[in-house]
>>> print(open('final-v8.pdb').read())   # PDB, C-alpha atoms, pLDDT in the B column
ATOM      1  CA  MET A1058       8.814 -12.689   2.255  1.00 79.00           C
ATOM      2  CA  LYS A1059       8.921  -9.961  -0.392  1.00 87.00           C
ATOM      3  CA  VAL A1060       6.036  -9.437  -2.808  1.00 92.00           C
ATOM      4  CA  LEU A1061       5.592  -7.207  -5.855  1.00 94.00           C
ATOM      5  CA  TYR A1062       2.014  -6.079  -6.554  1.00 96.00           C
ATOM      6  CA  VAL A1063       1.316  -4.516  -9.965  1.00 96.00           C
ATOM      7  CA  GLU A1064      -2.090  -2.799  -9.956  1.00 95.00           C
ATOM      8  CA  ASP A1065      -3.306   0.550 -11.319  1.00 93.00           C
ATOM      9  CA  ASP A1066      -6.401   0.864  -9.125  1.00 92.00           C
ATOM     10  CA  ASP A1067      -5.475   2.881  -6.012  1.00 93.00           C
ATOM     11  CA  ILE A1068      -8.111   1.342  -3.738  1.00 92.00           C
ATOM     12  CA  SER A1069      -7.289  -2.264  -4.640  1.00 90.00           C
ATOM     13  CA  ARG A1070      -3.549  -1.595  -4.475  1.00 91.00           C
ATOM     14  CA  ASP A1071      -3.684   0.018  -1.018  1.00 92.00           C
ATOM     15  CA  TYR A1072      -6.040  -2.648   0.343  1.00 92.00           C
ATOM     16  CA  VAL A1073      -3.811  -5.536  -0.708  1.00 93.00           C
ATOM     17  CA  GLN A1074      -0.553  -3.808   0.240  1.00 91.00           C
ATOM     18  CA  GLN A1075      -1.747  -2.924   3.733  1.00 90.00           C
ATOM     19  CA  GLY A1076      -3.312  -6.326   4.293  1.00 91.00           C
ATOM     20  CA  LEU A1077      -0.182  -8.231   3.318  1.00 90.00           C
ATOM     21  CA  ALA A1078       2.013  -5.892   5.369  1.00 87.00           C
ATOM     22  CA  ARG A1079      -0.104  -6.624   8.468  1.00 85.00           C
ATOM     23  CA  HIS A1080       0.786 -10.287   8.001  1.00 83.00           C
ATOM     24  CA  GLY A1081       4.517  -9.612   7.880  1.00 81.00           C
ATOM     25  CA  LEU A1082       5.063  -9.470   4.115  1.00 85.00           C
ATOM     26  CA  VAL A1083       7.173  -6.729   2.530  1.00 85.00           C
ATOM     27  CA  VAL A1084       5.228  -5.330  -0.441  1.00 90.00           C
ATOM     28  CA  ASP A1085       6.477  -3.126  -3.269  1.00 91.00           C
ATOM     29  CA  VAL A1086       3.822  -1.717  -5.596  1.00 93.00           C
ATOM     30  CA  ALA A1087       3.778  -0.558  -9.210  1.00 94.00           C
ATOM     31  CA  LYS A1088       0.984   1.359 -10.931  1.00 94.00           C
ATOM     32  CA  ASN A1089       1.706   0.238 -14.496  1.00 95.00           C
ATOM     33  CA  GLY A1090       3.406  -2.435 -16.533  1.00 93.00           C
ATOM     34  CA  THR A1091       6.549  -0.417 -17.218  1.00 94.00           C
ATOM     35  CA  VAL A1092       7.396   0.121 -13.546  1.00 94.00           C
ATOM     36  CA  GLY A1093       6.249  -3.391 -12.679  1.00 93.00           C
ATOM     37  CA  LEU A1094       8.564  -4.891 -15.295  1.00 93.00           C
ATOM     38  CA  GLU A1095      11.491  -2.818 -14.039  1.00 93.00           C
ATOM     39  CA  HIS A1096      10.942  -3.998 -10.450  1.00 92.00           C
ATOM     40  CA  ALA A1097      10.262  -7.620 -11.388  1.00 92.00           C
ATOM     41  CA  LYS A1098      13.457  -7.935 -13.420  1.00 89.00           C
ATOM     42  CA  THR A1099      15.526  -7.350 -10.271  1.00 86.00           C
ATOM     43  CA  GLY A1100      14.639 -10.895  -9.228  1.00 82.00           C
ATOM     44  CA  VAL A1101      14.417  -9.962  -5.536  1.00 81.00           C
ATOM     45  CA  TYR A1102      10.773 -10.988  -5.087  1.00 88.00           C
ATOM     46  CA  ASP A1103       9.426 -14.241  -3.718  1.00 88.00           C
ATOM     47  CA  VAL A1104       6.028 -13.788  -5.398  1.00 93.00           C
ATOM     48  CA  ILE A1105       4.533 -11.356  -7.942  1.00 95.00           C
ATOM     49  CA  VAL A1106       0.818 -10.446  -7.786  1.00 96.00           C
ATOM     50  CA  LEU A1107      -0.271  -9.090 -11.132  1.00 94.00           C
ATOM     51  CA  ASP A1108      -3.394  -7.372 -12.469  1.00 93.00           C
ATOM     52  CA  VAL A1109      -4.325  -7.970 -16.111  1.00 92.00           C
ATOM     53  CA  MET A1110      -5.700  -4.552 -17.026  1.00 92.00           C
ATOM     54  CA  LEU A1111      -2.888  -1.995 -16.780  1.00 93.00           C
ATOM     55  CA  PRO A1112      -2.709   1.468 -18.379  1.00 92.00           C
ATOM     56  CA  ASP A1113       0.318   0.961 -20.665  1.00 93.00           C
ATOM     57  CA  PHE A1114       0.462  -2.736 -21.532  1.00 92.00           C
ATOM     58  CA  ASP A1115      -1.487  -5.538 -19.916  1.00 92.00           C
ATOM     59  CA  GLY A1116      -0.385  -8.085 -17.357  1.00 92.00           C
ATOM     60  CA  PHE A1117      -0.293 -10.865 -19.927  1.00 93.00           C
ATOM     61  CA  GLU A1118       2.357  -9.005 -21.904  1.00 93.00           C
ATOM     62  CA  LEU A1119       4.280  -8.174 -18.740  1.00 94.00           C
ATOM     63  CA  LEU A1120       4.399 -11.816 -17.702  1.00 93.00           C
ATOM     64  CA  GLY A1121       5.387 -12.866 -21.220  1.00 93.00           C
ATOM     65  CA  ARG A1122       8.326 -10.442 -21.155  1.00 93.00           C
ATOM     66  CA  LEU A1123       9.415 -11.715 -17.745  1.00 91.00           C
ATOM     67  CA  ARG A1124       9.335 -15.362 -18.730  1.00 90.00           C
ATOM     68  CA  SER A1125      11.144 -14.705 -22.031  1.00 90.00           C
ATOM     69  CA  SER A1126      13.906 -12.902 -20.119  1.00 88.00           C
ATOM     70  CA  GLY A1127      14.377 -15.836 -17.742  1.00 86.00           C
ATOM     71  CA  ILE A1128      12.600 -14.414 -14.669  1.00 88.00           C
ATOM     72  CA  ASP A1129      10.739 -17.356 -13.142  1.00 87.00           C
ATOM     73  CA  THR A1130       9.409 -15.687  -9.974  1.00 90.00           C
ATOM     74  CA  PRO A1131       6.107 -17.356  -8.972  1.00 92.00           C
ATOM     75  CA  THR A1132       3.265 -15.166 -10.244  1.00 93.00           C
ATOM     76  CA  ILE A1133      -0.420 -15.011  -9.431  1.00 94.00           C
ATOM     77  CA  PHE A1134      -2.908 -13.016 -11.496  1.00 93.00           C
ATOM     78  CA  LEU A1135      -5.417 -11.074  -9.413  1.00 90.00           C
ATOM     79  CA  SER A1136      -7.910  -9.648 -11.871  1.00 87.00           C
ATOM     80  CA  ALA A1137     -11.534  -8.735 -12.548  1.00 85.00           C
ATOM     81  CA  ARG A1138     -11.123 -10.610 -15.832  1.00 82.00           C
ATOM     82  CA  GLY A1139     -12.002 -14.038 -14.512  1.00 74.00           C
ATOM     83  CA  GLU A1140     -13.388 -15.739 -17.592  1.00 83.00           C
ATOM     84  CA  VAL A1141     -12.110 -19.207 -18.426  1.00 85.00           C
ATOM     85  CA  GLY A1142     -10.323 -17.889 -21.515  1.00 86.00           C
ATOM     86  CA  ASP A1143      -8.456 -15.285 -19.475  1.00 85.00           C
ATOM     87  CA  ARG A1144      -7.401 -17.865 -16.905  1.00 86.00           C
ATOM     88  CA  ILE A1145      -6.179 -20.232 -19.593  1.00 88.00           C
ATOM     89  CA  GLN A1146      -4.221 -17.455 -21.276  1.00 88.00           C
ATOM     90  CA  GLY A1147      -2.575 -16.381 -18.029  1.00 85.00           C
ATOM     91  CA  LEU A1148      -1.600 -19.895 -16.998  1.00 88.00           C
ATOM     92  CA  ASP A1149      -0.422 -20.711 -20.513  1.00 88.00           C
ATOM     93  CA  LEU A1150       1.941 -17.724 -20.387  1.00 87.00           C
ATOM     94  CA  GLY A1151       3.565 -19.131 -17.263  1.00 88.00           C
ATOM     95  CA  ALA A1152       1.490 -17.823 -14.352  1.00 90.00           C
ATOM     96  CA  ASP A1153       1.385 -20.138 -11.347  1.00 90.00           C
ATOM     97  CA  ASP A1154      -2.112 -19.169 -10.196  1.00 91.00           C
ATOM     98  CA  TYR A1155      -5.102 -17.012 -11.140  1.00 91.00           C
ATOM     99  CA  LEU A1156      -7.550 -15.493  -8.662  1.00 90.00           C
ATOM    100  CA  ALA A1157     -10.593 -13.558  -9.893  1.00 88.00           C
ATOM    101  CA  LYS A1158     -11.964 -10.414  -8.229  1.00 87.00           C
ATOM    102  CA  PRO A1159     -13.853 -10.083  -5.968  1.00 86.00           C
ATOM    103  CA  PHE A1160     -11.779 -12.316  -3.729  1.00 87.00           C
ATOM    104  CA  ALA A1161     -11.400 -13.253  -0.072  1.00 88.00           C
ATOM    105  CA  PHE A1162      -8.201 -11.726   1.313  1.00 91.00           C
ATOM    106  CA  ALA A1163      -7.492 -14.865   3.368  1.00 89.00           C
ATOM    107  CA  GLU A1164      -7.492 -16.904   0.153  1.00 90.00           C
ATOM    108  CA  LEU A1165      -5.055 -14.520  -1.543  1.00 91.00           C
ATOM    109  CA  LEU A1166      -2.718 -14.700   1.450  1.00 90.00           C
ATOM    110  CA  LEU A1167      -2.923 -18.491   1.473  1.00 87.00           C
ATOM    111  CA  ARG A1168      -2.131 -18.728  -2.237  1.00 89.00           C
ATOM    112  CA  ILE A1169       0.825 -16.350  -1.947  1.00 90.00           C
ATOM    113  CA  ARG A1170       2.298 -18.315   0.934  1.00 85.00           C
ATOM    114  CA  SER A1171       1.717 -21.572  -0.922  1.00 82.00           C
ATOM    115  CA  LEU A1172       3.631 -20.308  -3.968  1.00 85.00           C
ATOM    116  CA  ALA A1173       6.470 -19.069  -1.773  1.00 80.00           C
ATOM    117  CA  ARG A1174       6.718 -22.421   0.040  1.00 74.00           C
ATOM    118  CA  ARG A1175       6.721 -24.278  -3.259  1.00 73.00           C
ATOM    119  CA  ARG A1176       9.659 -22.199  -4.434  1.00 67.00           C
ATOM    120  CA  LEU A1177      11.573 -22.792  -1.215  1.00 63.00           C
ATOM    121  CA  GLY A1178      11.465 -26.521  -1.852  1.00 58.00           C
ATOM    122  CA  ASP A1179      11.606 -29.197   0.805  1.00 43.00           C
ATOM    123  CA  SER A1180      11.235 -28.756   4.551  1.00 41.00           C
ATOM    124  CA  VAL A1181      14.974 -28.453   5.097  1.00 43.00           C
ATOM    125  CA  HIS A1182      14.994 -25.141   3.250  1.00 52.00           C
ATOM    126  CA  ARG A1183      11.927 -23.923   5.129  1.00 70.00           C
ATOM    127  CA  CYS A1184      13.854 -23.990   8.400  1.00 84.00           C
ATOM    128  CA  LEU A1185      16.871 -21.717   8.836  1.00 88.00           C
ATOM    129  CA  ARG A1186      19.454 -22.420  11.558  1.00 91.00           C
ATOM    130  CA  VAL A1187      22.498 -20.586  12.883  1.00 93.00           C
ATOM    131  CA  ALA A1188      24.054 -22.032  16.057  1.00 94.00           C
ATOM    132  CA  ASP A1189      21.038 -22.790  18.308  1.00 95.00           C
ATOM    133  CA  LEU A1190      18.840 -20.167  16.639  1.00 96.00           C
ATOM    134  CA  GLU A1191      16.087 -21.667  14.485  1.00 95.00           C
ATOM    135  CA  LEU A1192      13.583 -19.885  12.249  1.00 93.00           C
ATOM    136  CA  ASP A1193      10.664 -21.927  10.928  1.00 90.00           C
ATOM    137  CA  LEU A1194       9.361 -20.240   7.782  1.00 81.00           C
ATOM    138  CA  GLY A1195       6.337 -22.501   7.422  1.00 74.00           C
ATOM    139  CA  GLY A1196       5.153 -22.154  11.013  1.00 79.00           C
ATOM    140  CA  HIS A1197       6.385 -18.572  11.361  1.00 82.00           C
ATOM    141  CA  LYS A1198       8.147 -19.447  14.630  1.00 90.00           C
ATOM    142  CA  VAL A1199      11.532 -18.642  16.163  1.00 95.00           C
ATOM    143  CA  ARG A1200      13.428 -20.564  18.825  1.00 95.00           C
ATOM    144  CA  ARG A1201      16.730 -20.034  20.572  1.00 95.00           C
ATOM    145  CA  GLY A1202      17.573 -23.427  22.019  1.00 92.00           C
ATOM    146  CA  SER A1203      14.383 -24.550  23.756  1.00 93.00           C
ATOM    147  CA  THR A1204      13.065 -21.001  24.178  1.00 95.00           C
ATOM    148  CA  VAL A1205      10.274 -19.779  21.893  1.00 95.00           C
ATOM    149  CA  ILE A1206      10.825 -16.143  20.902  1.00 96.00           C
ATOM    150  CA  ASP A1207       7.952 -13.852  19.967  1.00 94.00           C
ATOM    151  CA  LEU A1208       8.764 -11.445  17.128  1.00 92.00           C
ATOM    152  CA  SER A1209       6.729  -8.826  15.331  1.00 88.00           C
ATOM    153  CA  PRO A1210       6.194  -9.385  11.580  1.00 83.00           C
ATOM    154  CA  ARG A1211       8.895  -6.795  10.768  1.00 86.00           C
ATOM    155  CA  GLN A1212      11.373  -8.346  13.186  1.00 91.00           C
ATOM    156  CA  PHE A1213      10.671 -11.794  11.734  1.00 91.00           C
ATOM    157  CA  ALA A1214      11.331 -10.493   8.197  1.00 87.00           C
ATOM    158  CA  LEU A1215      14.536  -8.806   9.373  1.00 91.00           C
ATOM    159  CA  LEU A1216      15.773 -11.934  11.124  1.00 93.00           C
ATOM    160  CA  GLU A1217      14.915 -14.070   8.099  1.00 90.00           C
ATOM    161  CA  TYR A1218      16.993 -11.819   5.844  1.00 88.00           C
ATOM    162  CA  LEU A1219      19.936 -11.866   8.256  1.00 92.00           C
ATOM    163  CA  MET A1220      19.793 -15.663   8.580  1.00 91.00           C
ATOM    164  CA  ARG A1221      19.473 -16.253   4.841  1.00 86.00           C
ATOM    165  CA  ASN A1222      22.698 -14.272   4.484  1.00 86.00           C
ATOM    166  CA  ALA A1223      24.480 -15.557   7.598  1.00 89.00           C
ATOM    167  CA  GLY A1224      28.192 -14.784   7.454  1.00 90.00           C
ATOM    168  CA  PHE A1225      27.762 -11.880   5.023  1.00 88.00           C
ATOM    169  CA  ALA A1226      27.871  -8.217   6.047  1.00 90.00           C
ATOM    170  CA  LEU A1227      24.655  -6.482   4.973  1.00 89.00           C
ATOM    171  CA  THR A1228      24.548  -2.739   4.397  1.00 87.00           C
ATOM    172  CA  ARG A1229      21.676  -0.623   5.636  1.00 86.00           C
ATOM    173  CA  SER A1230      20.664  -0.017   2.015  1.00 82.00           C
ATOM    174  CA  MET A1231      20.467  -3.776   1.371  1.00 82.00           C
ATOM    175  CA  ILE A1232      18.395  -4.319   4.506  1.00 86.00           C
ATOM    176  CA  THR A1233      16.129  -1.394   3.626  1.00 83.00           C
ATOM    177  CA  GLU A1234      15.406  -2.686   0.128  1.00 75.00           C
ATOM    178  CA  LYS A1235      14.731  -6.260   1.199  1.00 76.00           C
ATOM    179  CA  VAL A1236      12.879  -5.757   4.486  1.00 82.00           C
ATOM    180  CA  TRP A1237      11.256  -2.314   4.158  1.00 77.00           C
ATOM    181  CA  GLY A1238      10.896  -2.076   0.383  1.00 70.00           C
ATOM    182  CA  TYR A1239      11.284   0.683  -2.184  1.00 59.00           C
ATOM    183  CA  GLY A1240      10.501   4.230  -1.088  1.00 59.00           C
ATOM    184  CA  PHE A1241      11.595   3.795   2.548  1.00 61.00           C
ATOM    185  CA  GLU A1242      13.893   6.540   3.797  1.00 60.00           C
ATOM    186  CA  THR A1243      17.340   4.932   4.166  1.00 55.00           C
ATOM    187  CA  ARG A1244      18.533   7.664   6.512  1.00 59.00           C
ATOM    188  CA  SER A1245      15.841   6.752   9.039  1.00 67.00           C
ATOM    189  CA  ASN A1246      17.042   5.044  12.225  1.00 84.00           C
ATOM    190  CA  ALA A1247      14.274   2.418  11.956  1.00 85.00           C
ATOM    191  CA  ILE A1248      16.792  -0.273  10.982  1.00 88.00           C
ATOM    192  CA  ASP A1249      18.997   0.386  14.008  1.00 90.00           C
ATOM    193  CA  VAL A1250      15.948   0.445  16.277  1.00 92.00           C
ATOM    194  CA  GLN A1251      14.665  -2.902  14.986  1.00 92.00           C
ATOM    195  CA  ILE A1252      18.154  -4.431  15.207  1.00 94.00           C
ATOM    196  CA  SER A1253      18.280  -3.307  18.835  1.00 95.00           C
ATOM    197  CA  TYR A1254      14.885  -4.909  19.537  1.00 95.00           C
ATOM    198  CA  LEU A1255      16.013  -8.087  17.794  1.00 96.00           C
ATOM    199  CA  ARG A1256      19.237  -8.256  19.808  1.00 96.00           C
ATOM    200  CA  ASN A1257      17.292  -7.910  23.044  1.00 96.00           C
ATOM    201  CA  LYS A1258      15.121 -10.870  22.081  1.00 96.00           C
ATOM    202  CA  ILE A1259      17.596 -13.332  20.551  1.00 95.00           C
ATOM    203  CA  ASP A1260      20.970 -12.312  21.997  1.00 95.00           C
ATOM    204  CA  ALA A1261      20.619 -10.586  25.375  1.00 93.00           C
ATOM    205  CA  ASP A1262      19.995 -13.759  27.405  1.00 92.00           C
ATOM    206  CA  PHE A1263      21.865 -16.233  25.210  1.00 95.00           C
ATOM    207  CA  GLU A1264      25.354 -17.236  24.174  1.00 93.00           C
ATOM    208  CA  PRO A1265      26.927 -16.899  21.737  1.00 94.00           C
ATOM    209  CA  ARG A1266      25.840 -13.473  20.556  1.00 95.00           C
ATOM    210  CA  LEU A1267      24.886 -13.730  16.906  1.00 97.00           C
ATOM    211  CA  ILE A1268      24.102 -10.215  15.623  1.00 97.00           C
ATOM    212  CA  HIS A1269      27.189  -8.071  15.157  1.00 97.00           C
ATOM    213  CA  THR A1270      27.794  -4.528  13.955  1.00 95.00           C
ATOM    214  CA  VAL A1271      30.198  -4.106  11.058  1.00 93.00           C
ATOM    215  CA  LYS A1272      31.554  -0.579  11.432  1.00 91.00           C
ATOM    216  CA  GLY A1273      30.966   1.609   8.416  1.00 88.00           C
ATOM    217  CA  VAL A1274      28.926  -1.110   6.714  1.00 88.00           C
ATOM    218  CA  GLY A1275      25.911  -2.427   8.590  1.00 91.00           C
ATOM    219  CA  TYR A1276      25.203  -5.729  10.323  1.00 95.00           C
ATOM    220  CA  ILE A1277      26.079  -9.398  10.128  1.00 95.00           C
ATOM    221  CA  LEU A1278      24.582 -12.486  11.748  1.00 96.00           C
ATOM    222  CA  GLU A1279      27.101 -15.235  12.453  1.00 95.00           C
ATOM    223  CA  ASP A1280      28.367 -17.574  15.167  1.00 94.00           C
ATOM    224  CA  ARG A1281      31.765 -16.281  16.298  1.00 89.00           C
ATOM    225  CA  SER A1282      32.140 -18.615  19.257  1.00 84.00           C
ATOM    226  CA  GLY A1283      34.851 -20.611  17.475  1.00 71.00           C
ATOM    227  CA  GLU A1284      36.909 -17.458  16.929  1.00 64.00           C
ATOM    228  CA  GLU A1285      36.600 -16.521  20.599  1.00 53.00           C
ATOM    229  CA  HIS A1286      37.782 -19.954  21.719  1.00 46.00           C
ATOM    230  CA  ALA A1287      40.694 -19.826  19.287  1.00 50.00           C
ATOM    231  CA  ALA A1288      41.747 -16.438  20.646  1.00 48.00           C
TER
END
>>> encode(input="final-v8.pdb", output="structure tokens")
Amino acid sequence: MKVLYVEDDDISRDYVQQGLARHGLVVDVAKNGTVGLEHAKTGVYDVIVLDVMLPDFDGFELLGRLRSSGIDTPTIFLSARGEVGDRIQGLDLGADDYLAKPFAFAELLLRIRSLARRRLGDSVHRCLRVADLELDLGGHKVRRGSTVIDLSPRQFALLEYLMRNAGFALTRSMITEKVWGYGFETRSNAIDVQISYLRNKIDADFEPRLIHTVKGVGYILEDRSGEEHAA
């Protein structure tokens, strides 16, 4: 899951970013409305967490611009301005939720996941399958046949991205942006290392192999067993 957090306070921003990352979420941050709007308009986020008081223009205006431009990404306000009038204004502009500071981190995490599940729709779309590989988004579980596979949060996010795009070759830049977020060094070998770990867990002891290298491009996840039989 990929989250955008727009917040100008360094302490709050770092606290939320690090906390969400520990639970397997990929978090991009923006310190003002201008950068937040630029990121949000890409449409790559599952949820946007938005402060109201920003240094250039406030979160209400940012959300209004997003909704008027057709960006319907689920958005939750996380703000010290928790008066009834502020909540009404935020929700009236198209926010999906409003959480006042101070807050319990567990509640924020729960609300973010709830918004993401709502966007995914019914249970069919919360479970991804390729061959006998199954990824349960709601339960955060992975199985290969009858075998339960334990993945780190980063590996789970990487596998989710590969499975959502099964059959499509993904470049390292695409994987970096979606799984590691803005600011990560693309030339790092972290992607190749995590792919190697993932292969050892979901491919090494199973057939067919599902993760393939596309030379000069990146990686693809697909079932090629039919091609092998045809050959």
>>> residues_around(input="final-v8.pdb", residues="Lys1158 (chain A)", least_positions_apart="6", cutoff="7 Å", atoms="only C-alpha atoms", output="list in words")
Leu1135, Ser1136 and Ala1137 of chain A
>>> write_last_selection(input="final-v8.pdb", atoms="C-alpha atoms", output="short mmCIF file (atom, residue, chain, number, x, y, z; two decimals), in the frame of the given file")
data_model
loop_
_atom_site.label_atom_id
_atom_site.label_comp_id
_atom_site.auth_asym_id
_atom_site.auth_seq_id
_atom_site.Cartn_x
_atom_site.Cartn_y
_atom_site.Cartn_z
CA LEU A 1135 -5.42 -11.07 -9.41
CA SER A 1136 -7.91 -9.65 -11.87
CA ALA A 1137 -11.53 -8.74 -12.55
#
>>> closest_residue(input="final-v8.pdb", among="A:Met1110, A:Ile1206, A:Val1187, A:Val1083", to="Gly1139 (chain A)", atoms="only C-alpha atoms")
A:Met1110
>>> closest_residue(input="final-v8.pdb", among="A:Met1220, A:Ile1133, A:Leu1082, A:Val1236", to="Glu1279 (chain A)", atoms="all atoms listed in the file")
A:Met1220
>>> closest_atom_pairs(input="final-v8.pdb", of="region 1059-1084 of chain A", to="region 1094-1106 of chain A", cutoff="10 Å", atoms="all atoms listed in the file", output="Markdown table")
| residue | atom | partner | partner_atom | distance |
| --- | --- | --- | --- | --- |
| A:Lys1059 | CA | A:Tyr1102 | CA | 5.2 |
| A:Val1060 | CA | A:Val1104 | CA | 5.1 |
| A:Leu1061 | CA | A:Ile1105 | CA | 4.8 |
| A:Tyr1062 | CA | A:Val1106 | CA | 4.7 |
| A:Val1063 | CA | A:Val1106 | CA | 6.3 |
| A:Glu1064 | CA | A:Val1106 | CA | 8.5 |
| A:Val1073 | CA | A:Val1106 | CA | 9.8 |
| A:Val1083 | CA | A:Tyr1102 | CA | 9.4 |
| A:Val1084 | CA | A:Tyr1102 | CA | 9.2 |
>>> closest_residue(input="final-v8.pdb", among="A:Leu1227, A:Leu1172, A:Asp1071, A:Lys1258", to="Val1199 (chain A)", atoms="all atoms listed in the file")
A:Lys1258
>>> residues_near_point(input="final-v8.pdb", point="(-6.1, -14.0, -15.0)", cutoff="7 Å", atoms="all atoms listed in the file", output="number ranges by chain")
A: 1109, 1134-1136, 1138-1139, 1143-1144, 1147, 1155-1157
>>> atom_distance(input="final-v8.pdb", atom1="CA of Asp1260 (chain A)", atom2="CA of Glu1234 (chain A)")
24.5 Å
>>> closest_atom_pairs(input="final-v8.pdb", of="region 1136-1209 of chain A", to="region 1266-1274 of chain A", cutoff="12 Å", atoms="all atoms listed in the file", output="tab-separated table")
residue	atom	partner	partner_atom	distance
A:Arg1186	CA	A:Leu1267	CA	11.6
A:Val1187	CA	A:Leu1267	CA	8.3
A:Ala1188	CA	A:Leu1267	CA	8.4
A:Asp1189	CA	A:Leu1267	CA	9.9
A:Leu1190	CA	A:Leu1267	CA	8.8
A:Arg1201	CA	A:Leu1267	CA	10.9
>>> closest_residue(input="final-v8.pdb", among="A:Arg1122, A:Arg1183, A:Arg1281, A:Arg1200", to="Gly1224 (chain A)", atoms="only C-alpha atoms")
A:Arg1281
